[in-house]
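Chemist: Structure file data33.cif (mmCIF, C-alpha atoms and all ligand atoms) right here:
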```
data_protein
#
loop_
_atom_site.label_atom_id
_atom_site.label_comp_id
_atom_site.auth_asym_id
_atom_site.auth_seq_id
_atom_site.Cartn_x
_atom_site.Cartn_y
_atom_site.Cartn_z
CA MET A 1 -18.98 -50.42 -30.33
CA THR A 2 -19.70 -52.97 -27.59
CA THR A 3 -20.40 -51.35 -24.26
CA THR A 4 -20.58 -52.60 -20.69
CA SER A 5 -22.11 -49.43 -19.26
CA LEU A 6 -25.55 -50.92 -18.49
CA SER A 7 -26.46 -54.25 -16.87
CA PHE A 8 -25.94 -56.30 -20.07
CA ILE A 9 -22.94 -56.19 -22.40
CA HIS A 10 -24.55 -54.75 -25.51
CA ARG A 11 -24.35 -52.66 -28.64
CA PHE A 12 -26.52 -49.67 -29.32
CA GLU A 13 -26.92 -47.95 -32.68
CA PRO A 14 -28.95 -44.74 -32.54
CA ALA A 15 -31.84 -44.12 -34.93
CA THR A 16 -31.05 -42.33 -38.17
CA VAL A 17 -34.70 -41.83 -39.08
CA PRO A 18 -36.80 -40.08 -36.42
CA GLY A 19 -40.06 -41.69 -35.30
CA LYS A 20 -39.14 -45.27 -36.20
CA PRO A 21 -39.64 -47.74 -33.34
CA PRO A 22 -36.45 -49.03 -31.70
CA ILE A 23 -35.58 -52.69 -32.29
CA LEU A 24 -34.33 -55.03 -29.56
CA LEU A 25 -32.18 -57.73 -31.17
CA LEU A 26 -31.95 -61.06 -29.32
CA HIS A 27 -29.44 -63.57 -30.70
CA GLY A 28 -29.56 -67.37 -30.78
CA THR A 29 -27.37 -69.82 -28.84
CA GLY A 30 -23.70 -69.10 -29.49
CA GLY A 31 -24.36 -65.64 -30.88
CA ASP A 32 -23.51 -62.32 -29.31
CA GLU A 33 -24.37 -58.62 -29.42
CA ASN A 34 -22.82 -58.24 -32.89
CA ASP A 35 -24.67 -61.07 -34.60
CA LEU A 36 -28.03 -59.61 -35.51
CA LEU A 37 -27.05 -56.00 -36.19
CA PRO A 38 -26.91 -56.59 -39.97
CA LEU A 39 -30.33 -58.31 -39.82
CA GLY A 40 -31.69 -55.38 -37.78
CA GLY A 41 -30.42 -52.96 -40.41
CA MET A 42 -32.14 -54.96 -43.16
CA LEU A 43 -35.45 -55.36 -41.31
CA ALA A 44 -35.76 -51.87 -39.89
CA PRO A 45 -33.50 -49.39 -41.70
CA GLY A 46 -33.16 -46.18 -39.71
CA SER A 47 -34.43 -47.62 -36.40
CA ALA A 48 -32.34 -47.54 -33.24
CA LEU A 49 -30.88 -51.00 -32.59
CA LEU A 50 -30.32 -52.31 -29.07
CA SER A 51 -28.50 -55.63 -28.98
CA PRO A 52 -27.62 -57.28 -25.65
CA ARG A 53 -25.48 -60.40 -25.17
CA GLY A 54 -27.15 -63.25 -23.26
CA LYS A 55 -25.59 -63.76 -19.81
CA VAL A 56 -25.80 -67.54 -19.61
CA LEU A 57 -22.92 -69.61 -20.97
CA GLU A 58 -23.45 -73.15 -22.28
CA GLY A 59 -20.09 -74.67 -23.12
CA GLY A 60 -18.83 -71.13 -23.74
CA MET A 61 -21.82 -70.18 -25.93
CA PRO A 62 -23.91 -67.19 -24.81
CA ARG A 63 -27.65 -67.74 -24.31
CA PHE A 64 -30.46 -65.82 -22.64
CA PHE A 65 -31.44 -68.57 -20.16
CA ARG A 66 -30.32 -72.01 -19.01
CA ARG A 67 -31.63 -75.21 -20.55
CA LEU A 68 -31.42 -78.73 -19.18
CA ALA A 69 -31.41 -80.31 -22.66
CA GLU A 70 -32.37 -79.18 -26.16
CA GLY A 71 -35.93 -77.91 -25.88
CA VAL A 72 -36.07 -78.53 -22.10
CA PHE A 73 -35.76 -75.25 -20.25
CA ASP A 74 -34.81 -74.37 -16.67
CA GLU A 75 -38.01 -72.43 -16.13
CA ALA A 76 -36.92 -70.77 -12.87
CA ASP A 77 -33.97 -69.40 -14.83
CA VAL A 78 -36.24 -68.31 -17.71
CA ARG A 79 -38.22 -66.22 -15.21
CA ARG A 80 -35.14 -64.75 -13.54
CA ARG A 81 -33.40 -63.92 -16.83
CA ALA A 82 -36.54 -62.43 -18.37
CA ALA A 83 -36.81 -60.13 -15.33
CA GLU A 84 -33.14 -59.08 -15.71
CA LEU A 85 -33.60 -58.43 -19.41
CA ALA A 86 -36.78 -56.42 -18.80
CA ASP A 87 -34.86 -54.25 -16.31
CA PHE A 88 -32.06 -53.77 -18.87
CA ILE A 89 -34.58 -52.65 -21.49
CA GLN A 90 -35.88 -50.03 -19.08
CA GLU A 91 -32.31 -48.87 -18.27
CA ALA A 92 -31.51 -48.55 -21.96
CA ARG A 93 -34.74 -46.67 -22.62
CA ASP A 94 -33.85 -44.20 -19.87
CA ALA A 95 -30.22 -43.89 -21.01
CA HIS A 96 -31.04 -43.30 -24.68
CA GLY A 97 -34.54 -41.79 -24.49
CA LEU A 98 -36.16 -44.68 -26.36
CA ALA A 99 -39.77 -45.72 -26.85
CA ALA A 100 -40.67 -49.32 -25.97
CA PRO A 101 -38.84 -51.50 -28.52
CA ILE A 102 -40.07 -54.20 -30.86
CA ALA A 103 -38.12 -57.39 -30.15
CA VAL A 104 -36.60 -59.32 -33.05
CA GLY A 105 -35.41 -62.64 -31.65
CA PHE A 106 -33.96 -65.72 -33.28
CA SER A 107 -34.16 -69.20 -31.70
CA ASN A 108 -33.07 -68.83 -28.06
CA GLY A 109 -33.51 -65.06 -28.51
CA ALA A 110 -37.06 -65.61 -29.81
CA ASN A 111 -37.78 -67.79 -26.78
CA ILE A 112 -36.66 -65.13 -24.29
CA ALA A 113 -38.70 -62.58 -26.26
CA ALA A 114 -41.74 -64.87 -25.88
CA ALA A 115 -40.99 -65.10 -22.14
CA LEU A 116 -40.82 -61.28 -21.94
CA LEU A 117 -44.19 -61.07 -23.70
CA VAL A 118 -45.92 -63.31 -21.18
CA LEU A 119 -44.06 -62.17 -18.04
CA ARG A 120 -43.38 -58.46 -18.66
CA PRO A 121 -45.58 -57.44 -21.60
CA GLU A 122 -45.20 -53.73 -20.88
CA VAL A 123 -41.52 -53.68 -21.90
CA LEU A 124 -42.15 -54.56 -25.57
CA ALA A 125 -44.22 -52.77 -28.21
CA GLY A 126 -44.36 -55.99 -30.22
CA ALA A 127 -42.19 -58.87 -31.36
CA VAL A 128 -40.86 -60.76 -34.35
CA LEU A 129 -40.26 -64.33 -33.16
CA LEU A 130 -38.05 -66.28 -35.56
CA ARG A 131 -38.13 -70.05 -34.77
CA ALA A 132 -39.72 -69.67 -31.32
CA MET A 133 -41.16 -72.26 -28.97
CA VAL A 134 -43.16 -72.17 -25.72
CA PRO A 135 -40.76 -70.81 -23.08
CA LEU A 136 -42.78 -71.74 -19.96
CA ALA A 137 -44.98 -74.81 -19.49
CA ASP A 138 -47.04 -72.90 -16.98
CA THR A 139 -47.69 -69.74 -18.98
CA PRO A 140 -48.91 -66.73 -17.03
CA SER A 141 -51.95 -65.12 -18.64
CA GLY A 142 -50.54 -61.60 -19.03
CA ASP A 143 -52.55 -59.00 -20.93
CA LEU A 144 -51.19 -58.71 -24.45
CA SER A 145 -54.17 -56.80 -25.82
CA GLY A 146 -53.40 -55.45 -29.27
CA LYS A 147 -49.70 -56.35 -29.07
CA PRO A 148 -48.47 -57.17 -32.60
CA VAL A 149 -46.50 -60.41 -32.89
CA LEU A 150 -45.08 -61.98 -36.05
CA MET A 151 -44.07 -65.63 -35.63
CA LEU A 152 -42.10 -67.33 -38.42
CA SER A 153 -41.57 -71.08 -38.04
CA GLY A 154 -39.88 -73.63 -40.30
CA SER A 155 -41.86 -76.69 -41.44
CA MET A 156 -38.59 -78.69 -41.51
CA ASP A 157 -37.17 -77.31 -38.25
CA PRO A 158 -35.55 -80.27 -36.44
CA ILE A 159 -35.36 -78.34 -33.14
CA ILE A 160 -38.89 -76.99 -32.81
CA PRO A 161 -41.87 -79.34 -33.18
CA ALA A 162 -44.66 -77.77 -35.23
CA ASP A 163 -47.24 -78.37 -32.47
CA ASN A 164 -45.05 -76.52 -29.98
CA ALA A 165 -44.83 -73.41 -32.17
CA ALA A 166 -48.59 -73.63 -32.80
CA ARG A 167 -49.18 -73.79 -29.03
CA LEU A 168 -47.13 -70.63 -28.48
CA ALA A 169 -49.11 -68.81 -31.18
CA ALA A 170 -52.37 -69.95 -29.54
CA GLN A 171 -51.23 -68.86 -26.05
CA LEU A 172 -50.22 -65.40 -27.26
CA THR A 173 -53.49 -65.04 -29.19
CA ALA A 174 -55.50 -66.12 -26.14
CA ALA A 175 -53.73 -63.40 -24.12
CA GLY A 176 -54.94 -60.81 -26.64
CA ALA A 177 -51.92 -60.42 -28.94
CA GLU A 178 -52.47 -59.86 -32.68
CA VAL A 179 -50.47 -62.86 -33.84
CA ASP A 180 -49.51 -63.49 -37.44
CA HIS A 181 -48.00 -67.02 -37.54
CA LYS A 182 -46.48 -68.17 -40.79
CA ILE A 183 -44.86 -71.55 -41.43
CA LEU A 184 -42.14 -71.41 -44.07
CA PRO A 185 -40.80 -74.38 -46.07
CA THR A 186 -37.42 -74.25 -44.35
CA GLY A 187 -35.45 -75.52 -41.35
CA HIS A 188 -34.16 -73.82 -38.18
CA GLY A 189 -31.91 -71.38 -40.02
CA LEU A 190 -33.19 -68.12 -41.42
CA SER A 191 -34.06 -67.81 -45.09
CA GLN A 192 -34.54 -64.89 -47.47
CA ALA A 193 -38.29 -65.34 -47.00
CA ASP A 194 -37.90 -64.60 -43.26
CA VAL A 195 -36.18 -61.32 -44.07
CA THR A 196 -38.74 -60.26 -46.67
CA ILE A 197 -41.79 -61.16 -44.58
CA ALA A 198 -40.41 -59.62 -41.38
CA ARG A 199 -39.38 -56.44 -43.16
CA ASN A 200 -42.80 -56.01 -44.78
CA TRP A 201 -44.53 -56.69 -41.46
CA LEU A 202 -42.38 -54.11 -39.66
CA ASP A 203 -42.94 -51.58 -42.47
CA ARG A 204 -46.71 -51.98 -42.17
CA LEU A 205 -46.54 -51.67 -38.40
CA THR A 206 -44.45 -48.51 -38.58
CA ALA A 207 -46.79 -47.01 -41.18
CA LYS A 208 -49.76 -47.75 -38.88
CA THR A 209 -48.18 -46.17 -35.80
CA ALA A 210 -46.50 -43.21 -37.57
C1 LIG A 301 -33.50 -72.85 -26.87
O1 LIG A 301 -32.72 -73.49 -26.18
O2 LIG A 301 -33.90 -71.73 -26.58
C2 LIG A 301 -33.97 -73.53 -28.10
O3 LIG A 301 -33.69 -74.89 -28.03
C3 LIG A 301 -33.38 -72.92 -29.30
C4 LIG A 301 -31.89 -72.92 -29.27
O4 LIG A 301 -31.26 -73.91 -29.66
O5 LIG A 301 -31.32 -71.92 -28.86
#
```
Would you mind writing the structure in this file as structure tokens?
Ligand code: MLT
Modeler:
Amino acid sequence: MTTTSLSFIHRFEPATVPGKPPILLLHGTGGDENDLLPLGGMLAPGSALLSPRGKVLEGGMPRFFRRLAEGVFDEADVRRRAAELADFIQEARDAHGLAAPIAVGFSNGANIAAALLVLRPEVLAGAVLLRAMVPLADTPSGDLSGKPVLMLSGSMDPIIPADNAARLAAQLTAAGAEVDHKILPTGHGLSQADVTIARNWLDRLTAKTA
């Protein structure tokens, strides 16, 4: 059920398997809080799922921050919206008694997850970034020591230049994150390979921390 009780419209599905890390689902442009719940269930069966709806509207389509053109971001808004989202994560953790979540973000949702990692690293236990790009030209050098990050990019993605995705992976690595960046023979949309790789990565992570 969609709820408006916290500072973002969102859906929350409680864990059915104790001890599994909660997953924060962040949709792409034009998605909403319902979109990624099935993906969350496939990637992390039994985990609590927290799925907010982005507050910015672009021609009626929800997003997590404003952009000036495709791939050109309003960076002041990126910072403001990342701060709001970080506060929401803390509210939801308090309300539901959750550990720090692992973000699973697609496209615009992956970009706000990358912004959270560099601006407010303490709110995430790790991240799966599906089709992400550099969210801030002037990237703060937050401490991401040991933070696990899986990045999956598409070699035929018309929206995200390969060098941009590579730069994000390098920035996160330089800040100390344990980045696994894979480039799949696909476009911007998700493929079965994304699901399989992300699920295996999350399984290994959960086994390590259990
Ligand atoms: C963005 O605006 O975050 C990226 O261009 C990806 C998207 O189209 O959402």
Chemist: Measuring atom to atom with all atoms listed in the file, identify which of A:Leu25, A:Asp157, A:Asp35, A:Phe8 is nearest to Val56 (chain A).
Modeler: A:Phe8
Chemist: Find, counting all atoms listed in the file, the residue in A:Gly176, A:Gly60, A:Pro135, A:Gly187 that gets nearest to ligand LIG 301 (chain A).
Modeler: A:Pro135
Chemist: From (-25.7, -43.7, -31.0), in the file's coordinates, out to 9 Å: which residues are reached, counting only C-alpha atoms? Answer as a PyMOL selection string.
Modeler: chain A and resi 12-15+48+96
Chemist: At a cut-off of 8 Å around the point (-36.1, -47.9, -39.7) (file coordinates), what residues fall inside when counting only C-alpha atoms? I'd like the answer as a list in words.
Modeler: Ala15, Thr16, Val17, Lys20, Pro21, Gly41, Leu43, Ala44, Pro45, Gly46, Ser47 and Ala48 of chain A
Chemist: Taking only C-alpha atoms and all ligand atoms and a cut-off of 9 Å, can you tell me which residues surround ligand LIG 301 (chain A), written as a PyMOL selection string?
Modeler: chain A and resi 27-30+63-73+106-112+131-133+135+159-160+188
Chemist: Between CA of Ala125 (chain A) and CA of Met61 (chain A), what is the spacing in Å?
Modeler: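 Computed distance, CA of Met61 (chain A) to CA of Ala125 (chain A), equals 28.5 Å.
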Chemist: Have a look at A:Lys55, A:Arg199, A:Lys208, A:His10 and name the one nearest to Glu33 (chain A); count only C-alpha atoms.
Modeler: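 Result for the nearest residue to Glu33 (chain A): A:His10.
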Chemist: Could you tell me which of A:Leu202, A:Ser145, A:Asn164, A:Ile197 comes closest to Glu178 (chain A) if we count only C-alpha atoms?
Modeler: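 For Glu178 (chain A), the nearest of the given residues is A:Ser145.
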Chemist: Which one of A:Gly31, A:Gly105, A:Pro161, A:Pro18 sits closest to Leu129 (chain A) if you count all atoms listed in the file?
Modeler: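 For Leu129 (chain A), the nearest of the given residues is A:Gly105.
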Chemist: May I ask you to restore N, CA, C and O atoms in region 100-121 of chain A and write the result as a CSV table (one decimal), in the coordinates of the input?
Modeler:
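Written out: selection.csv:
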```csv
chain,number,residue,atom,x,y,z
A,100,ALA,N,-40.7,-47.9,-26.2
A,100,ALA,CA,-40.7,-49.3,-26.0
A,100,ALA,C,-40.3,-50.0,-27.3
A,100,ALA,O,-40.8,-49.7,-28.3
A,101,PRO,N,-39.3,-50.9,-27.3
A,101,PRO,CA,-38.8,-51.5,-28.5
A,101,PRO,C,-39.7,-52.7,-29.0
A,101,PRO,O,-40.5,-53.2,-28.2
A,102,ILE,N,-39.5,-53.0,-30.3
A,102,ILE,CA,-40.1,-54.2,-30.9
A,102,ILE,C,-38.9,-55.2,-30.8
A,102,ILE,O,-37.8,-54.9,-31.3
A,103,ALA,N,-39.2,-56.4,-30.2
A,103,ALA,CA,-38.1,-57.4,-30.2
A,103,ALA,C,-38.0,-58.1,-31.5
A,103,ALA,O,-39.1,-58.4,-32.1
A,104,VAL,N,-36.8,-58.4,-31.9
A,104,VAL,CA,-36.6,-59.3,-33.0
A,104,VAL,C,-35.7,-60.4,-32.5
A,104,VAL,O,-34.5,-60.1,-32.2
A,105,GLY,N,-36.2,-61.6,-32.3
A,105,GLY,CA,-35.4,-62.6,-31.6
A,105,GLY,C,-35.3,-63.9,-32.5
A,105,GLY,O,-36.3,-64.2,-33.2
A,106,PHE,N,-34.2,-64.5,-32.5
A,106,PHE,CA,-34.0,-65.7,-33.3
A,106,PHE,C,-33.7,-66.9,-32.3
A,106,PHE,O,-32.8,-66.8,-31.5
A,107,SER,N,-34.4,-68.0,-32.4
A,107,SER,CA,-34.2,-69.2,-31.7
A,107,SER,C,-34.2,-68.9,-30.2
A,107,SER,O,-35.2,-68.5,-29.7
A,108,ASN,N,-33.1,-69.1,-29.5
A,108,ASN,CA,-33.1,-68.8,-28.1
A,108,ASN,C,-33.5,-67.4,-27.8
A,108,ASN,O,-34.2,-67.1,-26.8
A,109,GLY,N,-33.1,-66.5,-28.7
A,109,GLY,CA,-33.5,-65.1,-28.5
A,109,GLY,C,-35.0,-64.9,-28.7
A,109,GLY,O,-35.6,-64.0,-28.1
A,110,ALA,N,-35.6,-65.7,-29.6
A,110,ALA,CA,-37.1,-65.6,-29.8
A,110,ALA,C,-37.8,-66.2,-28.6
A,110,ALA,O,-38.8,-65.7,-28.2
A,111,ASN,N,-37.2,-67.2,-28.0
A,111,ASN,CA,-37.8,-67.8,-26.8
A,111,ASN,C,-37.8,-66.8,-25.6
A,111,ASN,O,-38.7,-66.8,-24.8
A,112,ILE,N,-36.7,-66.1,-25.4
A,112,ILE,CA,-36.7,-65.1,-24.3
A,112,ILE,C,-37.6,-64.0,-24.6
A,112,ILE,O,-38.2,-63.4,-23.7
A,113,ALA,N,-37.7,-63.6,-25.9
A,113,ALA,CA,-38.7,-62.6,-26.3
A,113,ALA,C,-40.1,-63.0,-25.9
A,113,ALA,O,-40.9,-62.3,-25.4
A,114,ALA,N,-40.4,-64.3,-26.2
A,114,ALA,CA,-41.7,-64.9,-25.9
A,114,ALA,C,-41.9,-64.8,-24.4
A,114,ALA,O,-43.0,-64.5,-23.9
A,115,ALA,N,-40.9,-65.1,-23.6
A,115,ALA,CA,-41.0,-65.1,-22.1
A,115,ALA,C,-41.2,-63.7,-21.7
A,115,ALA,O,-42.1,-63.4,-20.8
A,116,LEU,N,-40.6,-62.7,-22.3
A,116,LEU,CA,-40.8,-61.3,-21.9
A,116,LEU,C,-42.3,-60.9,-22.2
A,116,LEU,O,-42.9,-60.2,-21.4
A,117,LEU,N,-42.8,-61.4,-23.3
A,117,LEU,CA,-44.2,-61.1,-23.7
A,117,LEU,C,-45.2,-61.6,-22.6
A,117,LEU,O,-46.1,-60.9,-22.3
A,118,VAL,N,-44.9,-62.8,-22.1
A,118,VAL,CA,-45.9,-63.3,-21.2
A,118,VAL,C,-45.6,-62.9,-19.7
A,118,VAL,O,-46.6,-62.8,-18.9
A,119,LEU,N,-44.4,-62.5,-19.4
A,119,LEU,CA,-44.1,-62.2,-18.0
A,119,LEU,C,-44.0,-60.7,-17.8
A,119,LEU,O,-44.4,-60.2,-16.8
A,120,ARG,N,-43.5,-59.9,-18.8
A,120,ARG,CA,-43.4,-58.5,-18.7
A,120,ARG,C,-43.8,-57.8,-19.9
A,120,ARG,O,-43.1,-57.1,-20.6
A,121,PRO,N,-45.1,-57.9,-20.3
A,121,PRO,CA,-45.6,-57.4,-21.6
A,121,PRO,C,-45.4,-55.9,-21.8
A,121,PRO,O,-45.2,-55.5,-23.0
```
